Structure formats: C-alpha cells, structure tokens
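Below is target_15.csv, holding CSV, C-alpha atoms and all ligand atoms.
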```csv
chain,number,residue,atom,x,y,z
A,9,MET,CA,118.8,60.6,51.6
A,10,ALA,CA,120.0,60.9,48.0
A,11,THR,CA,123.7,60.6,47.2
A,12,ILE,CA,126.1,62.4,44.9
A,13,LEU,CA,129.4,60.9,43.7
A,14,ILE,CA,132.2,63.4,43.0
A,15,THR,CA,135.7,62.8,41.8
A,16,GLY,CA,138.3,65.0,43.5
A,17,GLY,CA,135.7,66.0,46.0
A,18,HIS,CA,138.3,66.0,48.9
A,19,SER,CA,140.4,69.0,47.8
A,20,GLY,CA,140.4,72.3,45.9
A,21,LEU,CA,137.2,73.3,44.2
A,22,GLY,CA,135.8,69.8,44.7
A,23,LEU,CA,136.0,70.1,48.5
A,24,GLU,CA,134.2,73.4,48.5
A,25,CYS,CA,131.5,71.7,46.3
A,26,SER,CA,131.3,68.8,48.7
A,27,LYS,CA,130.9,71.1,51.7
A,28,PHE,CA,128.1,73.0,50.0
A,29,LEU,CA,126.3,69.8,48.8
A,30,ALA,CA,126.3,68.6,52.4
A,31,SER,CA,125.5,71.9,54.1
A,32,LYS,CA,123.0,73.5,51.8
A,33,TYR,CA,121.5,70.6,49.9
A,34,HIS,CA,121.9,67.9,52.6
A,35,TYR,CA,123.2,65.2,50.2
A,36,ASN,CA,125.1,62.1,51.2
A,37,LEU,CA,128.4,61.9,49.3
A,38,ILE,CA,130.7,59.4,47.7
A,39,LEU,CA,134.2,60.8,47.4
A,40,ALA,CA,136.1,59.1,44.6
A,41,GLY,CA,139.9,59.6,44.3
A,42,ARG,CA,143.3,58.1,44.3
A,43,SER,CA,144.1,58.3,48.0
A,44,PRO,CA,141.6,56.7,50.4
A,45,GLU,CA,143.7,57.9,53.3
A,46,LYS,CA,143.3,61.6,52.3
A,47,MET,CA,139.7,61.2,51.4
A,48,GLN,CA,138.8,59.4,54.7
A,49,VAL,CA,140.1,62.4,56.7
A,50,VAL,CA,137.9,64.7,54.7
A,51,ALA,CA,134.9,62.3,54.8
A,52,SER,CA,135.1,62.1,58.7
A,53,GLU,CA,135.2,65.9,58.9
A,54,LEU,CA,132.2,66.3,56.5
A,55,GLN,CA,130.2,63.7,58.4
A,56,GLN,CA,130.9,65.3,61.8
A,57,THR,CA,130.2,68.9,60.6
A,58,TYR,CA,127.2,68.4,58.4
A,59,LYS,CA,125.7,65.1,59.7
A,60,VAL,CA,125.6,63.5,56.3
A,61,LYS,CA,126.9,60.1,55.3
A,62,VAL,CA,130.2,60.2,53.3
A,63,SER,CA,131.6,57.1,51.6
A,64,VAL,CA,135.0,56.8,50.0
A,65,ILE,CA,136.0,54.8,46.9
A,66,LYS,CA,139.4,54.4,45.5
A,67,MET,CA,139.6,55.5,41.9
A,68,ASP,CA,142.4,56.8,39.7
A,69,THR,CA,140.6,58.3,36.7
A,70,SER,CA,143.7,57.9,34.6
A,71,SER,CA,143.4,54.1,34.7
A,72,LEU,CA,140.6,52.2,33.0
A,73,VAL,CA,141.1,49.3,35.4
A,74,SER,CA,140.9,51.6,38.4
A,75,VAL,CA,137.7,53.3,37.2
A,76,ARG,CA,136.1,49.9,36.7
A,77,SER,CA,137.2,48.9,40.2
A,78,GLY,CA,135.8,52.1,41.6
A,79,VAL,CA,132.5,51.6,39.8
A,80,ALA,CA,132.3,48.0,41.3
A,81,GLN,CA,132.8,49.5,44.8
A,82,CYS,CA,130.1,52.0,44.1
A,83,LEU,CA,127.7,49.3,42.8
A,84,ALA,CA,128.4,47.2,45.9
A,85,LEU,CA,127.5,50.2,48.2
A,86,ILE,CA,124.2,50.6,46.3
A,87,ASP,CA,123.4,46.8,46.3
A,88,LYS,CA,124.1,46.6,50.0
A,89,GLY,CA,121.7,49.5,50.6
A,90,GLU,CA,124.5,51.6,52.1
A,91,VAL,CA,123.9,54.4,49.6
A,92,ASP,CA,120.8,55.3,47.5
A,93,ASN,CA,120.8,55.5,43.8
A,94,LEU,CA,122.9,58.5,42.6
A,95,GLN,CA,121.3,61.9,42.3
A,96,ALA,CA,124.4,63.2,40.4
A,97,ILE,CA,127.8,62.2,39.2
A,98,ILE,CA,130.3,65.1,39.3
A,99,CYS,CA,133.3,64.5,37.1
A,100,ASN,CA,135.6,67.1,38.7
A,101,ALA,CA,139.1,65.6,39.1
A,102,GLY,CA,141.5,67.1,36.7
A,103,VAL,CA,145.2,67.9,36.0
A,104,ARG,CA,147.4,70.1,33.9
A,105,PHE,CA,150.7,68.4,33.5
A,106,ASN,CA,154.0,70.1,32.7
A,107,GLY,CA,157.3,68.9,31.2
A,108,LYS,CA,157.4,65.8,29.0
A,109,VAL,CA,154.4,63.9,27.7
A,110,SER,CA,153.6,60.8,29.8
A,111,TYR,CA,151.4,57.8,29.2
A,112,THR,CA,149.2,55.8,31.4
A,113,ALA,CA,149.2,52.0,31.9
A,114,ASP,CA,146.6,51.8,29.2
A,115,GLY,CA,149.0,53.6,26.8
A,116,TYR,CA,147.2,56.9,26.6
A,117,GLU,CA,148.5,60.4,27.1
A,118,GLU,CA,148.0,61.1,30.8
A,119,THR,CA,146.1,64.5,30.7
A,120,TYR,CA,143.5,63.1,28.2
A,121,ALA,CA,143.1,59.9,30.1
A,122,THR,CA,142.7,61.6,33.5
A,123,ASN,CA,140.5,64.4,32.6
A,124,TYR,CA,138.4,63.0,29.8
A,125,LEU,CA,138.6,59.2,29.1
A,126,GLY,CA,138.3,58.0,32.7
A,127,HIS,CA,135.4,60.2,33.5
A,128,VAL,CA,133.5,59.1,30.4
A,129,LEU,CA,134.0,55.4,31.4
A,130,LEU,CA,132.7,56.3,34.9
A,131,THR,CA,129.7,58.0,33.5
A,132,GLU,CA,128.8,55.2,31.1
A,133,LEU,CA,129.2,52.5,33.6
A,134,LEU,CA,127.0,54.2,36.3
A,135,LEU,CA,124.4,55.9,34.1
A,136,ASP,CA,121.8,53.3,34.9
A,137,LYS,CA,122.2,54.0,38.6
A,138,VAL,CA,121.5,57.7,38.2
A,139,ALA,CA,118.0,58.7,39.4
A,140,ASP,CA,115.3,60.2,37.2
A,141,ASN,CA,116.0,63.9,36.9
A,142,GLY,CA,119.6,63.2,38.2
A,143,ARG,CA,122.5,65.0,36.7
A,144,ILE,CA,125.9,64.3,35.1
A,145,VAL,CA,128.2,67.3,35.5
A,146,PHE,CA,131.7,67.8,34.1
A,147,THR,CA,134.1,70.4,35.4
A,148,ALA,CA,135.3,71.9,32.2
A,149,SER,CA,137.5,75.0,31.6
A,150,GLY,CA,137.3,78.2,29.7
A,151,THR,CA,140.7,77.3,28.3
A,152,HIS,CA,138.9,75.0,25.8
A,153,ASP,CA,137.8,78.1,23.8
A,154,PRO,CA,140.6,79.5,21.5
A,155,ASP,CA,138.4,82.6,20.8
A,156,THR,CA,138.7,83.8,24.5
A,157,SER,CA,141.6,85.1,26.6
A,158,ASP,CA,141.2,81.9,28.8
A,159,GLY,CA,141.9,79.8,25.7
A,160,LYS,CA,144.9,81.9,24.6
A,161,ILE,CA,146.8,81.6,27.9
A,162,MET,CA,146.7,77.8,28.0
A,163,GLY,CA,147.5,76.7,24.4
A,164,ILE,CA,144.9,76.6,21.7
A,165,ALA,CA,142.7,73.5,21.8
A,166,ALA,CA,143.7,71.0,19.1
A,167,GLY,CA,140.7,70.0,17.0
A,168,VAL,CA,142.0,66.5,16.2
A,169,THR,CA,140.4,63.1,17.0
A,170,ALA,CA,140.3,61.4,20.3
A,171,THR,CA,142.5,58.6,19.0
A,172,GLU,CA,145.1,61.1,17.9
A,173,LEU,CA,145.0,62.9,21.2
A,174,ALA,CA,145.2,59.7,23.3
A,175,ASN,CA,148.2,58.6,21.3
A,176,THR,CA,150.0,62.0,20.8
A,177,GLY,CA,153.8,61.8,20.5
A,178,LYS,CA,154.0,58.1,19.7
A,179,ASN,CA,156.1,56.5,17.0
A,180,GLY,CA,158.5,59.4,17.0
A,181,ALA,CA,155.8,62.1,16.2
A,182,LYS,CA,156.0,65.5,17.8
A,183,PRO,CA,153.6,65.4,20.8
A,184,ILE,CA,150.9,68.1,21.2
A,185,SER,CA,152.0,70.5,24.0
A,186,LEU,CA,150.6,69.7,27.5
A,187,GLY,CA,148.9,73.0,27.7
A,188,LYS,CA,147.0,72.2,24.5
A,189,MET,CA,146.3,68.7,25.8
A,190,TYR,CA,144.7,70.2,28.9
A,191,ALA,CA,142.6,72.6,26.8
A,192,THR,CA,141.6,69.9,24.4
A,193,SER,CA,140.6,67.4,27.1
A,194,LYS,CA,138.2,70.1,28.3
A,195,LEU,CA,136.9,70.8,24.8
A,196,ASP,CA,136.2,67.1,24.3
A,197,MET,CA,134.5,66.9,27.7
A,198,ILE,CA,132.1,69.7,26.7
A,199,ALA,CA,131.4,68.1,23.3
A,200,TYR,CA,130.7,64.8,25.1
A,201,VAL,CA,128.3,66.6,27.5
A,202,TYR,CA,126.3,68.0,24.6
A,203,GLU,CA,126.3,64.7,22.8
A,204,LEU,CA,125.2,62.9,25.9
A,205,ASP,CA,122.4,65.5,26.4
A,206,ARG,CA,121.2,64.9,22.8
A,207,ARG,CA,121.1,61.1,23.3
A,208,LEU,CA,119.5,61.2,26.7
A,209,SER,CA,116.7,63.5,25.5
A,210,LYS,CA,116.2,61.4,22.3
A,211,SER,CA,115.6,58.4,24.5
A,212,GLY,CA,113.2,60.3,26.7
A,213,SER,CA,115.5,60.2,29.7
A,214,SER,CA,115.1,62.9,32.3
A,215,ILE,CA,118.8,62.8,33.3
A,216,LEU,CA,120.6,66.1,32.7
A,217,SER,CA,124.1,66.5,31.2
A,218,ILE,CA,125.8,69.7,32.2
A,219,ALA,CA,129.2,71.4,31.6
A,220,TYR,CA,130.7,73.9,34.1
A,221,ASP,CA,133.7,76.2,34.1
A,222,PRO,CA,134.9,77.4,37.5
A,223,GLY,CA,137.0,80.2,36.0
A,224,ALA,CA,140.7,80.9,36.9
A,225,THR,CA,140.9,80.3,40.7
A,226,THR,CA,143.8,80.3,43.1
A,227,GLY,CA,144.4,78.4,46.3
A,228,THR,CA,143.8,75.0,44.8
A,229,GLY,CA,146.3,72.4,43.8
A,230,PHE,CA,145.7,73.1,40.1
A,231,LEU,CA,149.2,74.5,39.4
A,232,ARG,CA,151.1,71.9,41.4
A,233,ASN,CA,152.9,70.6,38.3
A,234,MET,CA,154.1,74.1,37.2
A,235,PRO,CA,157.5,75.6,38.2
A,236,LYS,CA,157.4,77.0,41.8
A,237,PRO,CA,158.0,80.7,40.8
A,238,LEU,CA,155.0,80.5,38.4
A,239,GLN,CA,152.8,79.0,41.2
A,240,TRP,CA,153.9,81.8,43.5
A,241,LEU,CA,153.2,84.5,40.9
A,242,ALA,CA,149.8,83.1,40.0
A,243,GLU,CA,148.7,83.4,43.6
A,244,THR,CA,149.5,87.2,43.8
A,245,SER,CA,146.8,89.8,43.6
A,246,PHE,CA,148.9,91.6,41.0
A,247,MET,CA,148.8,88.6,38.7
A,248,ARG,CA,145.1,88.2,39.2
A,249,TRP,CA,144.6,91.9,38.4
A,250,VAL,CA,146.7,91.4,35.2
A,251,MET,CA,144.7,88.4,34.2
A,252,LYS,CA,141.4,90.1,34.8
A,253,ARG,CA,142.5,93.1,32.8
A,254,ASN,CA,143.4,90.9,29.9
A,255,GLY,CA,140.0,89.4,29.9
A,256,VAL,CA,140.6,86.1,31.6
A,257,THR,CA,137.5,84.7,33.4
A,258,MET,CA,138.2,84.9,37.1
A,259,GLY,CA,136.7,82.5,39.6
A,260,GLU,CA,137.2,82.2,43.3
A,261,THR,CA,137.8,78.9,45.1
A,262,ILE,CA,134.9,78.8,47.6
A,263,LEU,CA,132.4,80.5,45.2
A,264,SER,CA,133.3,78.4,42.2
A,265,GLY,CA,133.0,75.2,44.3
A,266,GLN,CA,129.6,76.3,45.5
A,267,PHE,CA,128.5,77.1,42.0
A,268,LEU,CA,129.6,73.6,40.9
A,269,ALA,CA,127.3,72.3,43.7
A,270,ALA,CA,124.5,74.5,42.5
A,271,VAL,CA,124.5,73.3,38.9
A,272,SER,CA,124.7,69.7,40.2
A,273,ALA,CA,121.9,70.0,42.8
A,274,ASP,CA,119.9,73.2,42.7
A,275,LYS,CA,116.4,73.2,41.3
A,276,ALA,CA,117.2,76.5,39.6
A,277,TYR,CA,119.3,74.5,37.1
A,278,SER,CA,116.9,71.7,36.5
A,279,ASN,CA,116.6,72.9,32.8
A,280,GLY,CA,120.3,73.1,32.5
A,281,SER,CA,120.9,70.0,30.3
A,282,GLY,CA,123.1,70.5,27.3
A,283,LYS,CA,124.3,73.9,28.7
A,284,TYR,CA,127.6,75.4,29.7
A,285,PHE,CA,127.8,77.4,32.9
A,286,GLN,CA,130.6,79.5,34.1
A,287,SER,CA,131.8,81.1,37.4
A,288,ASN,CA,132.4,84.6,36.0
A,289,ASN,CA,133.8,87.3,38.3
A,290,GLY,CA,131.5,86.4,41.2
A,291,LYS,CA,128.4,85.4,39.2
A,292,LEU,CA,127.2,82.0,37.9
A,293,ILE,CA,126.2,82.5,34.3
A,294,GLU,CA,125.1,80.4,31.4
A,295,ARG,CA,127.1,81.1,28.2
A,296,ARG,CA,128.2,79.7,24.9
A,297,SER,CA,131.2,77.5,24.7
A,298,SER,CA,133.6,77.3,21.8
A,299,LYS,CA,132.4,77.0,18.2
A,300,LEU,CA,134.0,73.5,17.9
A,301,SER,CA,132.2,72.2,21.0
A,302,TYR,CA,128.9,72.5,19.1
A,303,ASP,CA,130.1,70.6,16.0
A,304,GLN,CA,127.7,67.6,15.9
A,305,GLN,CA,129.6,65.7,13.3
A,306,ARG,CA,132.8,66.0,15.3
A,307,ALA,CA,130.9,65.0,18.5
A,308,LYS,CA,129.6,61.8,16.9
A,309,LYS,CA,133.1,60.7,15.9
A,310,LEU,CA,134.4,61.7,19.3
A,311,TRP,CA,131.6,59.6,20.9
A,312,ASN,CA,132.4,56.5,18.8
A,313,ASP,CA,136.2,56.8,19.1
A,314,THR,CA,135.9,57.4,22.9
A,315,LYS,CA,133.9,54.1,23.3
A,316,ILE,CA,136.7,52.2,21.5
A,317,LEU,CA,139.4,53.9,23.6
A,318,ILE,CA,137.7,53.1,26.9
A,319,HIS,CA,137.0,49.5,25.8
A,320,LEU,CA,133.3,49.8,26.6
A,321,GLN,CA,131.5,46.6,25.7
A,322,PRO,CA,128.2,46.6,23.8
A,323,ASN,CA,126.4,45.1,26.8
A,324,GLU,CA,127.6,47.9,29.0
A,325,VAL,CA,126.0,50.7,27.0
A,326,SER,CA,123.0,52.1,28.8
A,327,LYS,CA,119.7,51.8,26.9
A,328,LYS,CA,119.3,55.5,27.7
A,329,ILE,CA,122.1,56.5,25.2
A,330,GLN,CA,122.2,53.9,22.4
A,401,LIG,N1,141.9,76.1,39.4
A,401,LIG,C1,141.6,76.6,38.2
A,401,LIG,O1,142.0,77.7,37.9
A,401,LIG,C2,140.7,75.8,37.3
A,401,LIG,C3,140.2,76.5,36.2
A,401,LIG,C4,139.4,75.8,35.3
A,401,LIG,C5,139.1,74.5,35.5
A,401,LIG,N2,139.6,73.8,36.6
A,401,LIG,C6,139.2,72.4,36.8
A,401,LIG,O2,138.6,72.3,38.1
A,401,LIG,C7,138.8,70.9,38.5
A,401,LIG,C8,139.3,71.0,40.0
A,401,LIG,O3,140.6,71.6,40.0
A,401,LIG,P1,141.2,72.3,41.2
A,401,LIG,O4,141.5,73.7,40.8
A,401,LIG,O5,140.4,72.1,42.4
A,401,LIG,O6,142.6,71.6,41.4
A,401,LIG,P2,143.1,70.6,42.5
A,401,LIG,O7,143.1,71.2,43.8
A,401,LIG,O8,144.5,70.1,42.0
A,401,LIG,O9,142.1,69.4,42.4
A,401,LIG,C9,142.2,68.4,41.5
A,401,LIG,C10,141.6,67.1,42.0
A,401,LIG,O10,141.7,66.1,41.0
A,401,LIG,C11,142.2,64.9,41.7
A,401,LIG,N3,142.9,64.1,40.8
A,401,LIG,C12,144.0,64.5,40.0
A,401,LIG,N4,144.4,63.4,39.3
A,401,LIG,C13,143.6,62.4,39.6
A,401,LIG,C14,143.5,61.0,39.1
A,401,LIG,N5,144.3,60.5,38.2
A,401,LIG,N6,142.5,60.2,39.6
A,401,LIG,C15,141.6,60.7,40.5
A,401,LIG,N7,141.7,62.0,41.0
A,401,LIG,C16,142.6,62.8,40.5
A,401,LIG,C17,143.1,65.5,42.8
A,401,LIG,O11,143.3,64.4,43.8
A,401,LIG,P3,144.7,64.1,44.5
A,401,LIG,O12,144.5,64.6,45.9
A,401,LIG,O13,144.8,62.6,44.5
A,401,LIG,O14,145.8,64.8,43.7
A,401,LIG,C18,142.3,66.6,43.3
A,401,LIG,O15,141.3,66.2,44.2
A,401,LIG,C19,139.8,70.3,37.6
A,401,LIG,O16,139.0,69.5,36.6
A,401,LIG,C20,140.4,71.5,36.8
A,401,LIG,O17,140.8,71.1,35.5
A,401,LIG,C21,140.4,74.5,37.5
```
As a first step, turn the structure in this file into structure tokens.
Amino acid sequence: MATILITGGHSGLGLECSKFLASKYHYNLILAGRSPEKMQVVASELQQTYKVKVSVIKMDTSSLVSVRSGVAQCLALIDKGEVDNLQAIICNAGVRFNGKVSYTADGYEETYATNYLGHVLLTELLLDKVADNGRIVFTASGTHDPDTSDGKIMGIAAGVTATELANTGKNGAKPISLGKMYATSKLDMIAYVYELDRRLSKSGSSILSIAYDPGATTGTGFLRNMPKPLQWLAETSFMRWVMKRNGVTMGETILSGQFLAAVSADKAYSNGSGKYFQSNNGKLIERRSSKLSYDQQRAKKLWNDTKILIHLQPNEVSKKIQ
C-alpha cells in the first residue's frame, strides 16, 4: 500500500488529515515531527482504528540537521522495504511565534526556518522517492495575501528576499514583526510551490506541486504562543462571527484537515499542480493567491537563495528540477 509522509500529522489539522488519509484513501502514513512519544501514541491509535501501517520519524523542521536525519530515517524505511515509495509529502507543520525574534541553531529566524526552509529541504531531499503522479503539498495560509482580510489581520507579508527574512533583526537592525514573518513564510512557500511546479513540468515529471490554505480554524494548537486571553477570545463563536463578517476566510478543523487530505490524495485534484486551494466557509475551492506569489522573477531568486540557505549540495538536486 502506498505511503504518505506528513509533518505535524499527529495534531491539529494534520491529525484530521492523517485520519482521513487512512480512513477514506487507505494510505499508510509516516508521521514526521519533534516528539516521537506523542506521535507514537497517535500512530498506534491510527493503526488500530484504520488498519493501516503508521511509521514515526523524528524531525524538527526548524533544524537543517534534524531534517536531514529525518530524511535518512525515511530512506532507511524505504530501503528496508518497510514502506513503499512516497505517494505524497505533506509539508503541514507550522508555527506563529509571538514576542521577541528568535533564531535556530542554523542562525535563521525561527518562523521562516520552521515553516519554509525546513520543508523545502525535506522536499528536495525526498523528491526522487516520490512516485509518478505523486504530490508535494504545502499547508499555506490566506494571511500571505495583503489584499485580503486574512492578510490584514496577521501583518502584511514582506516582499523581501529569503536571505533578508532568514536573517531579520541581526546586526542591530529592526526585525520584521513575527506576524509578518509568519505571513511571509507562507508567501514564500506558495511561490516555491509554483516554481517547483514549473520546473517539474518542464522536465516532464508527473509529480504535482500544490498549495493549500485551511482557512482560520479554531481548536488546534495554532495560537499556543499567543497571550491566553487572545487564545480564549479566538475560540468564541462571537469572535468567529466578527471575523467572518470582516471577510476573513473561515475554516473548520475537521473539514479543513479532510480537505488537505483530498488535495493530497483524491483523483479529483490530479490536475491541481501549480494551484492554490482553500477551505472557504465549508467548501474546498481553487482560487488565486496573492499578486506577489505569481512573480516569476522573484520566485527564481527565492529558489536560488533558498538552496544556499538550506546548504543543498549540487549532487543532491533531483534531475527532475534542475
Ligand atoms: N489554525 C489556523 O487557523 C491556520 C490557518 C492557516 C494556516 N494554518 C497552518 O496549518 C498548519 C497546521 O496548523 P494547526 O492549526 O493544525 O496548528 P497546530 O495544532 O499547532 O499544529 C502545528 C503542528 O506543527 C508541528 N510543529 C511545530 N513546530 C514544529 C517543528 N519545529 N518541527 C516539526 N513539527 C513542528 C506541531 O507539532 P508539536 O506537537 O511538536 O508542537 C503540530 O503538529 C500550519 O502550517 C499552520 O500555519 C493554520
């Protein structure tokens, strides 16, 4: 049975996605995340309930060393025949930090490293193990688009380079706000998805590259770094009503997780490469992302800068995307 690797597949939207991948599409899963203990509990439950095979690999997406180690664990599972080639990689883990800017062991701003850089490294290193017609899916966010209410509530995405983003606030410079860093990590993710799609199709590859926005959902750990009163307020139906009235795209945890599974596995989305899908008030729709996300010149620079930031070696670049 084919296998799907998902980061953050043990909690929040990712868990709903994992459940649906197992129950509706009968995929085996690899859960990738920071805490093997937490993931193992979920893996056992998924295995028992849905009779699929669920493996666990330790991977902190904010650390290049940890991503490489997680990839090595995944390759070992494939080599030993314990899992099949990958039908999809779902880059779903993500955080919105609050407070002071912080840096990873690699010296990069933590939001950008966790949400964007680590997932690009994961994708690049495993691309050759993705099956024909397989999919690469990134969980993005409507907050990337400054022309929407979603973008306005988080902090307008900064259209600066990957190198500037990764190094924001260094050498006494004023750091970009963490709301903006979140929105921009998602903008760059979408631009990367489109550039990956262009390169895959140019080389004749049948692999799909897809961006997905789950909409504003409650009941996940997403706001965990925000002040407690704000977390409480965001969960109230009054606040959701206010947000909806102000044009924010509303998602719903179970449905948005199931939609993520659908764009990753359902035949209905087999022509979805290079597209942006959204969980929008109970429906899964295809829509345009922000203007900047379609800027091909910016995407090429982002592509090249990102490769340098993640220290990807020339011999590690898949022939499918050179
Ligand atoms: N909820 C929303 O309103 C919303 C809206 C738009 C987009 N999104 C996006 O949807 C995705 C899922 O978010 P969610 O709402 O389900 O929030 P969540 O419940 O907090 O899930 C986030 C997941 O990411 C994992 N994670 C965080 N940092 C990590 C790291 N350094 N390495 C590996 N895994 C890490 C977490 O694992 P741990 O258990 O180890 O913390 C958790 O499984 C995120 O990409 C988020 O940006 C959410």
Please identify all polymer residues within 12 Å of Gly280 in chain A, counting all atoms listed in the file, omitting same-chain residues fewer than 4 positions from it, and present them as a CSV table (one decimal) with C-alpha atoms, in the coordinates of the input.
```csv
chain,number,residue,atom,x,y,z
A,141,ASN,CA,116.0,63.9,36.9
A,142,GLY,CA,119.6,63.2,38.2
A,143,ARG,CA,122.5,65.0,36.7
A,144,ILE,CA,125.9,64.3,35.1
A,145,VAL,CA,128.2,67.3,35.5
A,201,VAL,CA,128.3,66.6,27.5
A,202,TYR,CA,126.3,68.0,24.6
A,205,ASP,CA,122.4,65.5,26.4
A,214,SER,CA,115.1,62.9,32.3
A,215,ILE,CA,118.8,62.8,33.3
A,216,LEU,CA,120.6,66.1,32.7
A,217,SER,CA,124.1,66.5,31.2
A,218,ILE,CA,125.8,69.7,32.2
A,219,ALA,CA,129.2,71.4,31.6
A,220,TYR,CA,130.7,73.9,34.1
A,270,ALA,CA,124.5,74.5,42.5
A,271,VAL,CA,124.5,73.3,38.9
A,272,SER,CA,124.7,69.7,40.2
A,273,ALA,CA,121.9,70.0,42.8
A,274,ASP,CA,119.9,73.2,42.7
A,275,LYS,CA,116.4,73.2,41.3
A,276,ALA,CA,117.2,76.5,39.6
A,284,TYR,CA,127.6,75.4,29.7
A,285,PHE,CA,127.8,77.4,32.9
A,293,ILE,CA,126.2,82.5,34.3
A,294,GLU,CA,125.1,80.4,31.4
A,295,ARG,CA,127.1,81.1,28.2
```
_Distance query Ile198 in chain A at most 10 Å, all atoms listed in the file, self and fewer than 2 positions along chain excluded, as a PyMOL selection string_ = chain A and resi 124+145-149+152+192-196+200-204+217-221+282-284+297-298+300-302+307
*For ligand LIG 401 (chain A), the nearest of the candidates A:Ser71, A:Gln330, A:Gln304, A:Thr131, counting all atoms listed in the file*: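 Ranking A:Ser71, A:Gln330, A:Gln304, A:Thr131 by distance to ligand LIG 401 (chain A), first place goes to A:Ser71.
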For Thr225 in chain A: contacts at 6 Å, all atoms listed in the file, fewer than 2 positions along chain excluded, given as a PDB file with C-alpha atoms, in the coordinates of the input:
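This went into part.pdb:
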```pdb
ATOM      1  CA  GLY A 259     136.700  82.500  39.600  1.00  0.00           C
ATOM      2  CA  GLU A 260     137.200  82.200  43.300  1.00  0.00           C
ATOM      3  CA  THR A 261     137.800  78.900  45.100  1.00  0.00           C
TER       4      THR A 261
END
```
With a distance cut-off of 12 Å and all atoms listed in the file, select the neighbouring residues of Leu83 in chain A, excluding the residue or stretch itself and same-chain residues fewer than 3 positions from it, and output the selection as a PDB file with C-alpha atoms, keeping the file's coordinate frame.
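Below you can see result38.pdb, which holds the result:
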```pdb
ATOM      1  CA  LEU A  13     129.400  60.900  43.700  1.00  0.00           C
ATOM      2  CA  ILE A  38     130.700  59.400  47.700  1.00  0.00           C
ATOM      3  CA  ILE A  65     136.000  54.800  46.900  1.00  0.00           C
ATOM      4  CA  ARG A  76     136.100  49.900  36.700  1.00  0.00           C
ATOM      5  CA  SER A  77     137.200  48.900  40.200  1.00  0.00           C
ATOM      6  CA  GLY A  78     135.800  52.100  41.600  1.00  0.00           C
ATOM      7  CA  VAL A  79     132.500  51.600  39.800  1.00  0.00           C
ATOM      8  CA  ALA A  80     132.300  48.000  41.300  1.00  0.00           C
ATOM      9  CA  ILE A  86     124.200  50.600  46.300  1.00  0.00           C
ATOM     10  CA  ASP A  87     123.400  46.800  46.300  1.00  0.00           C
ATOM     11  CA  LYS A  88     124.100  46.600  50.000  1.00  0.00           C
ATOM     12  CA  GLY A  89     121.700  49.500  50.600  1.00  0.00           C
ATOM     13  CA  GLU A  90     124.500  51.600  52.100  1.00  0.00           C
ATOM     14  CA  VAL A  91     123.900  54.400  49.600  1.00  0.00           C
ATOM     15  CA  ASP A  92     120.800  55.300  47.500  1.00  0.00           C
ATOM     16  CA  ASN A  93     120.800  55.500  43.800  1.00  0.00           C
ATOM     17  CA  LEU A  94     122.900  58.500  42.600  1.00  0.00           C
ATOM     18  CA  LEU A 130     132.700  56.300  34.900  1.00  0.00           C
ATOM     19  CA  LEU A 133     129.200  52.500  33.600  1.00  0.00           C
ATOM     20  CA  LEU A 134     127.000  54.200  36.300  1.00  0.00           C
ATOM     21  CA  LEU A 135     124.400  55.900  34.100  1.00  0.00           C
ATOM     22  CA  ASP A 136     121.800  53.300  34.900  1.00  0.00           C
ATOM     23  CA  LYS A 137     122.200  54.000  38.600  1.00  0.00           C
ATOM     24  CA  VAL A 138     121.500  57.700  38.200  1.00  0.00           C
TER      25      VAL A 138
END
```
*Which neighbours of Leu54 in chain A fall inside 9 Å, counting only C-alpha atoms, when residues of the same chain fewer than 6 positions from it are skipped, and could you give them as a count of residues only?*
6
_(149.6, 61.6, 25.5) in this file's frame - what residues fall within 9 Å of it? Use only C-alpha atoms and give the answer as a PyMOL selection string._
chain A and resi 109-112+115-121+172-178+183-184+186+189
Sorted by chain and rising residue number, list the residues of chain A at most 7 Å from ligand LIG 401 (chain A) (counting all atoms listed in the file), each with its closest atom pair and distance in Å to one decimal, as a tab-separated table.
```
residue	atom	partner	partner_atom	distance
A:Thr15	CA	A:LIG401	N7	6.1
A:Gly16	CA	A:LIG401	O15	3.3
A:Gly17	CA	A:LIG401	O15	5.9
A:His18	CA	A:LIG401	O15	5.6
A:Ser19	CA	A:LIG401	O15	4.6
A:Gly20	CA	A:LIG401	O5	3.5
A:Leu21	CA	A:LIG401	O5	3.9
A:Gly22	CA	A:LIG401	O5	5.6
A:Gly41	CA	A:LIG401	C15	4.3
A:Arg42	CA	A:LIG401	O13	4.7
A:Ser43	CA	A:LIG401	O13	5.6
A:Met67	CA	A:LIG401	C15	5.7
A:Asp68	CA	A:LIG401	N6	3.4
A:Thr69	CA	A:LIG401	N6	4.0
A:Ser70	CA	A:LIG401	N5	4.5
A:Asn100	CA	A:LIG401	O16	4.7
A:Ala101	CA	A:LIG401	O10	3.3
A:Gly102	CA	A:LIG401	O16	3.5
A:Val103	CA	A:LIG401	C12	5.4
A:Arg104	CA	A:LIG401	O17	6.9
A:Thr122	CA	A:LIG401	N5	5.1
A:Asn123	CA	A:LIG401	O16	6.7
A:Thr147	CA	A:LIG401	O16	5.1
A:Ala148	CA	A:LIG401	C5	5.7
A:Ser149	CA	A:LIG401	C4	4.2
A:Gly150	CA	A:LIG401	C4	6.4
A:Asp221	CA	A:LIG401	C5	5.8
A:Pro222	CA	A:LIG401	C4	5.3
A:Gly223	CA	A:LIG401	C3	4.9
A:Ala224	CA	A:LIG401	O1	3.6
A:Thr225	CA	A:LIG401	O1	4.0
A:Thr226	CA	A:LIG401	N1	5.9
A:Thr228	CA	A:LIG401	O7	4.0
A:Gly229	CA	A:LIG401	O7	3.4
A:Phe230	CA	A:LIG401	O6	3.7
A:Leu231	CA	A:LIG401	O8	6.9
A:Arg232	CA	A:LIG401	O8	6.9
```
_Ranking A:Ala199, A:Thr169, A:Gln239, A:Glu132 by minimum distance to Asp153 in chain A and counting only C-alpha atoms, which one comes first?_
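Result for the nearest residue to Asp153 in chain A: A:Ala199.
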